[in-house]
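Chemist: Here you go, target.txt (compact mmCIF, C-alpha atoms and all ligand atoms):
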# COMPACT_ATOMS: atom_id res chain seq x y z
CA MET Y 1 -16.18 3.36 -8.96
CA LYS Y 2 -13.60 6.01 -8.29
CA ILE Y 3 -10.15 5.36 -6.81
CA GLY Y 4 -7.97 8.02 -5.22
CA VAL Y 5 -4.18 7.90 -5.31
CA LEU Y 6 -2.35 9.91 -2.69
CA ALA Y 7 -0.28 12.28 -4.82
CA VAL Y 8 1.81 14.29 -2.38
CA GLN Y 9 5.04 12.36 -3.10
CA GLY Y 10 6.30 9.15 -4.67
CA ASP Y 11 5.23 7.16 -7.72
CA PHE Y 12 1.54 7.98 -7.80
CA ALA Y 13 1.64 8.55 -11.59
CA GLU Y 14 2.50 4.89 -12.23
CA HIS Y 15 -0.45 3.71 -10.11
CA ILE Y 16 -2.76 6.05 -12.01
CA ALA Y 17 -1.45 4.71 -15.32
CA ILE Y 18 -2.31 1.14 -14.29
CA LEU Y 19 -5.75 2.16 -13.03
CA ARG Y 20 -6.42 3.91 -16.35
CA ARG Y 21 -5.43 0.73 -18.19
CA LEU Y 22 -8.08 -1.01 -16.11
CA ASN Y 23 -10.59 1.67 -17.14
CA VAL Y 24 -11.07 2.96 -13.63
CA GLU Y 25 -11.86 6.54 -12.86
CA CYS Y 26 -9.12 7.90 -10.61
CA ARG Y 27 -8.22 11.06 -8.80
CA GLU Y 28 -4.98 12.47 -7.48
CA VAL Y 29 -5.45 13.23 -3.79
CA ARG Y 30 -3.55 16.12 -2.22
CA LEU Y 31 -6.21 17.68 -0.03
CA PRO Y 32 -8.67 16.17 2.47
CA GLU Y 33 -11.74 17.17 0.42
CA GLN Y 34 -10.41 15.11 -2.49
CA LEU Y 35 -10.98 11.98 -0.38
CA GLU Y 36 -14.72 12.57 -0.53
CA GLY Y 37 -16.62 10.31 -2.89
CA ILE Y 38 -13.82 7.85 -3.60
CA ASP Y 39 -14.27 4.11 -3.08
CA GLY Y 40 -10.65 3.32 -2.34
CA LEU Y 41 -7.27 4.94 -1.80
CA ILE Y 42 -3.77 3.90 -2.83
CA ILE Y 43 -0.82 5.24 -0.84
CA PRO Y 44 2.16 4.84 -3.18
CA GLY Y 45 5.80 4.09 -2.59
CA GLY Y 46 8.24 6.91 -2.13
CA GLU Y 47 9.89 8.12 1.03
CA SER Y 48 7.77 7.49 4.09
CA THR Y 49 9.25 10.28 6.24
CA THR Y 50 8.41 12.82 3.53
CA LEU Y 51 5.01 11.24 2.91
CA SER Y 52 4.25 11.39 6.61
CA ARG Y 53 5.24 15.05 6.92
CA LEU Y 54 3.25 16.10 3.89
CA MET Y 55 0.22 14.15 5.13
CA SER Y 56 0.41 16.11 8.38
CA ILE Y 57 0.89 19.47 6.67
CA TYR Y 58 -2.11 18.88 4.37
CA HIS Y 59 -4.28 17.49 7.21
CA LEU Y 60 -4.64 14.14 5.48
CA ARG Y 61 -3.83 11.85 8.40
CA GLU Y 62 -7.18 11.88 10.23
CA PRO Y 63 -9.40 11.62 7.13
CA VAL Y 64 -7.37 8.68 5.79
CA GLN Y 65 -7.56 6.98 9.21
CA ALA Y 66 -11.33 7.58 9.17
CA MET Y 67 -11.63 6.09 5.66
CA ALA Y 68 -9.81 2.96 6.78
CA ALA Y 69 -11.98 2.66 9.91
CA GLN Y 70 -15.15 3.05 7.84
CA GLY Y 71 -14.29 -0.02 5.79
CA LYS Y 72 -13.20 1.73 2.59
CA ALA Y 73 -10.42 -0.03 0.70
CA VAL Y 74 -6.95 1.37 1.37
CA TRP Y 75 -3.76 -0.07 -0.15
CA GLY Y 76 -0.25 0.98 0.82
CA THR Y 77 2.71 -0.04 -1.36
CA CYS Y 78 6.24 0.15 0.03
CA ALA Y 79 6.42 3.56 1.78
CA GLY Y 80 2.60 3.36 1.79
CA MET Y 81 2.82 0.07 3.69
CA ILE Y 82 5.03 1.78 6.29
CA MET Y 83 2.36 4.46 6.67
CA LEU Y 84 -0.45 1.92 7.28
CA ALA Y 85 1.48 0.02 9.98
CA HIS Y 86 0.60 0.01 13.64
CA GLU Y 87 4.24 0.23 14.61
CA ILE Y 88 7.62 0.44 12.91
CA THR Y 89 11.08 -0.31 14.25
CA GLU Y 90 12.30 3.26 13.61
CA ALA Y 91 11.32 6.48 15.38
CA ASP Y 92 10.43 8.21 12.13
CA PRO Y 93 7.90 8.41 10.53
CA VAL Y 94 4.88 8.18 12.80
CA PRO Y 95 2.64 5.69 10.99
CA LEU Y 96 -1.15 5.98 10.65
CA GLN Y 97 -1.64 2.86 12.82
CA VAL Y 98 -4.59 1.54 10.86
CA MET Y 99 -3.34 -2.01 10.16
CA ASP Y 100 -2.33 -4.49 12.82
CA ILE Y 101 1.17 -5.03 11.45
CA GLY Y 102 4.68 -4.16 12.58
CA VAL Y 103 7.10 -3.06 9.84
CA ARG Y 104 10.84 -2.59 9.46
CA ARG Y 105 11.94 0.06 6.98
CA ASN Y 106 14.80 -0.55 4.54
CA ALA Y 107 14.80 -4.17 5.67
CA PHE Y 108 17.03 -5.35 2.83
CA GLY Y 109 19.63 -2.60 2.93
CA ARG Y 110 20.30 0.35 0.69
CA GLN Y 111 19.14 1.24 -2.82
CA ILE Y 112 21.83 -1.00 -4.32
CA ASP Y 113 20.35 -3.97 -2.48
CA SER Y 114 17.06 -3.61 -4.34
CA PHE Y 115 15.94 -6.88 -5.95
CA GLU Y 116 13.23 -8.67 -7.90
CA GLN Y 117 11.49 -11.84 -6.83
CA ASP Y 118 8.71 -14.01 -8.23
CA LEU Y 119 6.04 -14.42 -5.56
CA ASP Y 120 3.04 -16.69 -5.16
CA ILE Y 121 0.25 -14.37 -4.05
CA ALA Y 122 -2.91 -15.85 -2.51
CA GLY Y 123 -5.85 -15.01 -4.75
CA LEU Y 124 -3.73 -14.44 -7.86
CA GLU Y 125 -2.95 -18.06 -8.66
CA PRO Y 126 -1.62 -19.80 -10.60
CA ASP Y 127 1.04 -17.52 -12.13
CA PRO Y 128 3.68 -15.98 -9.88
CA PHE Y 129 3.83 -12.21 -9.54
CA HIS Y 130 7.11 -10.56 -10.51
CA ALA Y 131 7.72 -8.26 -7.54
CA ILE Y 132 10.17 -5.34 -7.55
CA PHE Y 133 11.61 -4.39 -4.15
CA ILE Y 134 13.26 -0.97 -3.90
CA ARG Y 135 14.72 -0.12 -0.51
CA ALA Y 136 11.74 -2.09 0.65
CA PRO Y 137 10.23 -2.58 4.08
CA VAL Y 138 9.18 -5.95 5.47
CA VAL Y 139 6.36 -7.02 7.77
CA ILE Y 140 7.87 -8.27 11.03
CA ARG Y 141 4.62 -8.69 12.99
CA VAL Y 142 1.37 -9.95 11.52
CA GLY Y 143 -1.67 -9.33 13.75
CA GLN Y 144 -4.28 -12.03 14.36
CA GLN Y 145 -6.79 -10.51 11.95
CA VAL Y 146 -4.19 -10.04 9.24
CA LYS Y 147 -3.80 -12.52 6.42
CA THR Y 148 -0.42 -12.98 4.76
CA LEU Y 149 -0.99 -13.01 0.99
CA ALA Y 150 2.64 -13.51 0.03
CA ALA Y 151 5.99 -14.16 1.66
CA LEU Y 152 9.59 -14.32 0.49
CA PRO Y 153 11.25 -17.75 0.31
CA ASN Y 154 12.66 -17.10 3.81
CA GLY Y 155 9.12 -16.67 5.17
CA GLN Y 156 9.08 -12.88 5.58
CA ALA Y 157 5.63 -11.46 4.83
CA VAL Y 158 5.60 -8.93 1.97
CA ALA Y 159 1.89 -8.77 1.07
CA VAL Y 160 -0.81 -8.67 3.73
CA ARG Y 161 -4.50 -7.96 4.01
CA GLN Y 162 -6.76 -7.06 6.90
CA GLY Y 163 -10.38 -6.76 5.80
CA ASN Y 164 -10.53 -3.70 3.56
CA LEU Y 165 -6.84 -2.87 4.05
CA MET Y 166 -3.95 -4.15 1.99
CA ALA Y 167 -0.20 -3.59 2.14
CA THR Y 168 2.60 -4.71 -0.17
CA ALA Y 169 6.32 -4.17 0.36
CA PHE Y 170 7.07 -4.09 -3.37
CA HIS Y 171 6.04 -1.99 -6.39
CA PRO Y 172 3.30 -3.63 -8.50
CA GLU Y 173 2.84 -0.34 -10.39
CA LEU Y 174 6.29 -0.82 -11.97
CA THR Y 175 5.31 -4.01 -13.81
CA ASP Y 176 2.80 -4.75 -16.56
CA ASP Y 177 0.94 -7.14 -14.28
CA THR Y 178 -2.39 -5.57 -13.36
CA ARG Y 179 -3.61 -8.43 -11.15
CA LEU Y 180 -2.91 -6.80 -7.78
CA HIS Y 181 -4.59 -3.57 -8.86
CA GLN Y 182 -7.57 -5.65 -10.00
CA TYR Y 183 -7.56 -7.44 -6.62
CA PHE Y 184 -7.69 -4.04 -4.92
CA LEU Y 185 -10.52 -2.88 -7.18
CA ASP Y 186 -12.50 -5.98 -6.18
CA LEU Y 187 -11.90 -5.04 -2.53
CA ALA Y 188 -13.10 -1.50 -3.19
CA ALA Y 189 -16.17 -2.76 -5.04
CA GLU Y 190 -17.42 -4.83 -2.14
CA PRO Y 191 -16.40 -3.12 1.08
CA ALA Y 192 -15.12 -5.79 3.43
CA GLY Y 193 -16.33 -4.06 6.56
CA PRO Y 194 -14.15 -2.64 9.29
CA PRO Y 195 -10.53 -3.81 9.38
CA GLY Y 196 -11.08 -6.21 12.27
CA ARG Y 197 -12.58 -8.75 9.90
CA GLU Y 198 -10.36 -11.47 8.52
CA SER Y 199 -10.05 -11.52 4.68
N1 LIG Y 201 12.80 3.17 1.90
C1 LIG Y 201 11.62 3.96 1.78
C2 LIG Y 201 11.09 4.39 3.15
O1 LIG Y 201 11.56 3.92 4.12
C3 LIG Y 201 10.53 3.22 1.04
C4 LIG Y 201 11.01 2.92 -0.35
C5 LIG Y 201 9.93 2.79 -1.36
O2 LIG Y 201 8.78 3.22 -1.16
N2 LIG Y 201 10.28 2.23 -2.47
O3 LIG Y 201 10.20 5.18 3.22
Turn this file's structure into structure tokens for me.
Modeler:
Amino acid sequence: MKIGVLAVQGDFAEHIAILRRLNVECREVRLPEQLEGIDGLIIPGGESTTLSRLMSIYHLREPVQAMAAQGKAVWGTCAGMIMLAHEITEADPVPLQVMDIGVRRNAFGRQIDSFEQDLDIAGLEPDPFHAIFIRAPVVIRVGQQVKTLAALPNGQAVAVRQGNLMATAFHPELTDDTRLHQYFLDLAAEPAGPPGRES
């Protein structure tokens, strides 16, 4: 199994460090040909407008969309979640539109409003997951085929899955908890089929 981490911007190094701890072969992806032969792709957090522009410049948009449509596992965290969305409340960036979710950027305010929250995540029971939100987005529309894996105490969805696709509003790569990365590896190991399928 080989996992790619989009490495054009953002905290890709931290994702790679966790994957290495889990003994997974991984590859930094900056060019379309580096998507060939990988079983899953992580789009890290960072700044989604920059991510989006660099993905266009390096011709990564279409091949990543194709990967998602083929049933390969794709996981977006934070800015990566914004990129996977079908629609966002802002004009910029233009998302990849591969997941049936609507997302609001910077939903909790500015950098200073970043926070940490213990979450119950479906599939990772029984222990809560300590989630770090940094200028985080939130899911404001969850499509019919999309399963909410975790929500904040106020009910806002912050971890979702649609078949082979997964999105989290927080930064699991900044904690020592490897469970979400393991969850993603399990997804990548048994392709869930095209994203229409529920869980
Ligand atoms: N606020 C950033 C954006 O809108 C996302 C922040 C993050 O990835 N931690 O792109």
Chemist: Which protein, DNA or RNA residues have an atom within 10 Å of ligand LIG 201 (chain Y), counting all atoms listed in the file, as a VMD selection string?
Modeler: chain Y and resid 10 to 11 43 to 52 76 to 83 90 92 to 93 104 to 111 114 132 to 137 169 to 171
Chemist: So, counting only C-alpha atoms, which residue among Y:Ile3, Y:His15, Y:Gln97, Y:Gln156 is closest to Ile38 of chain Y?
Modeler: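 Of the candidates, the smallest distance to Ile38 of chain Y is held by Y:Ile3.
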Chemist: Near segment 126-129 of chain Y, within 9 Å and counting all atoms listed in the file, which residues show up once chain neighbours fewer than 4 positions away are dropped, as a list of chain:residue names?
Modeler: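 Contacts, with the query itself left out: Y:Gln117, Y:Asp118, Y:Leu119, Y:Asp120, Y:Ile121, Y:Pro172, Y:Asp177, Y:Arg179, Y:Leu180.
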Chemist: Using C-alpha atoms, can you write the selected residues to a file as an mmCIF file, in the coordinates of the input?
Modeler:
data_model
loop_
_atom_site.group_PDB
_atom_site.id
_atom_site.type_symbol
_atom_site.label_atom_id
_atom_site.label_comp_id
_atom_site.auth_asym_id
_atom_site.auth_seq_id
_atom_site.Cartn_x
_atom_site.Cartn_y
_atom_site.Cartn_z
ATOM 1 C CA GLN Y 117 11.490 -11.840 -6.830
ATOM 2 C CA ASP Y 118 8.710 -14.010 -8.230
ATOM 3 C CA LEU Y 119 6.040 -14.420 -5.560
ATOM 4 C CA ASP Y 120 3.040 -16.690 -5.160
ATOM 5 C CA ILE Y 121 0.250 -14.370 -4.050
ATOM 6 C CA PRO Y 172 3.300 -3.630 -8.500
ATOM 7 C CA ASP Y 177 0.940 -7.140 -14.280
ATOM 8 C CA ARG Y 179 -3.610 -8.430 -11.150
ATOM 9 C CA LEU Y 180 -2.910 -6.800 -7.780
#
Chemist: Hey, which of Y:Lys2, Y:His181, Y:His86, Y:Arg30 ends up closest to Ile140 of chain Y? Count all atoms listed in the file.
Modeler: Y:His86
Chemist: May I ask for the distance between atom CA of Ala188 of chain Y and atom CA of Ser56 of chain Y, given in Å to one decimal place?
Modeler: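 Atom-to-atom, atom CA of Ala188 of chain Y and atom CA of Ser56 of chain Y are spaced 25.0 Å apart.
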Chemist: Expressed in Å to a single decimal, how great is the separation between atom CA of Leu174 of chain Y and atom CA of Ala68 of chain Y?
Modeler: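 We find that atom CA of Leu174 of chain Y and atom CA of Ala68 of chain Y lie 25.0 Å from each other.
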Chemist: Provide the atom CA of Leu96 of chain Y to atom CA of Ala167 of chain Y distance in Å, to one decimal place.
Modeler: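 Atom CA of Ala167 of chain Y lies at a distance of 12.8 Å from atom CA of Leu96 of chain Y.
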Chemist: Restricting the calculation to all atoms listed in the file: of Y:Ala122, Y:Met99, Y:Ala189, Y:Ala73, which residue gets closest to Ile42 of chain Y?
Modeler: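 Nearest candidate to Ile42 of chain Y out of Y:Ala122, Y:Met99, Y:Ala189, Y:Ala73: Y:Ala73.
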Chemist: Residues within 12 Å of (-10.8, 14.8, -2.2), file coordinates, counting only C-alpha atoms: what are they? Give the list as a PyMOL selection string.
Modeler: chain Y and resi 2-7+26-41+58-60+63-64+67
Chemist: Using only C-alpha atoms, please write the residues we just selected to a file, as a compact mmCIF listing (two decimals), in the coordinates of the input.
Modeler:
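What landed in out09.txt:
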# COMPACT_ATOMS: atom_id res chain seq x y z
CA LYS Y 2 -13.60 6.01 -8.29
CA ILE Y 3 -10.15 5.36 -6.81
CA GLY Y 4 -7.97 8.02 -5.22
CA VAL Y 5 -4.18 7.90 -5.31
CA LEU Y 6 -2.35 9.91 -2.69
CA ALA Y 7 -0.28 12.28 -4.82
CA CYS Y 26 -9.12 7.90 -10.61
CA ARG Y 27 -8.22 11.06 -8.80
CA GLU Y 28 -4.98 12.47 -7.48
CA VAL Y 29 -5.45 13.23 -3.79
CA ARG Y 30 -3.55 16.12 -2.22
CA LEU Y 31 -6.21 17.68 -0.03
CA PRO Y 32 -8.67 16.17 2.47
CA GLU Y 33 -11.74 17.17 0.42
CA GLN Y 34 -10.41 15.11 -2.49
CA LEU Y 35 -10.98 11.98 -0.38
CA GLU Y 36 -14.72 12.57 -0.53
CA GLY Y 37 -16.62 10.31 -2.89
CA ILE Y 38 -13.82 7.85 -3.60
CA ASP Y 39 -14.27 4.11 -3.08
CA GLY Y 40 -10.65 3.32 -2.34
CA LEU Y 41 -7.27 4.94 -1.80
CA TYR Y 58 -2.11 18.88 4.37
CA HIS Y 59 -4.28 17.49 7.21
CA LEU Y 60 -4.64 14.14 5.48
CA PRO Y 63 -9.40 11.62 7.13
CA VAL Y 64 -7.37 8.68 5.79
CA MET Y 67 -11.63 6.09 5.66
Chemist: What's the 9 Å shell around Asp100 of chain Y, counting all atoms listed in the file, without same-chain residues fewer than 3 positions away, as JSON, numbers by chain?
Modeler: {"Y": [84, 85, 86, 87, 97, 141, 142, 143, 144, 145, 146, 162, 195, 196]}
Chemist: Which is closer to Leu165 of chain Y than all the others in Y:Trp75, Y:Phe115, Y:Val24, Y:Ile57, using all atoms listed in the file?
Modeler: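 Checking each of Y:Trp75, Y:Phe115, Y:Val24, Y:Ile57 against Leu165 of chain Y, counting all atoms listed in the file, the winner is Y:Trp75.
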Chemist: For each of Y:Ala13, Y:Ile18, Y:Ala151, Y:Ala91, take the minimum atom-to-atom distance to Phe184 of chain Y, counting all atoms listed in the file, then give the residue where this is smallest.
Modeler: Y:Ile18
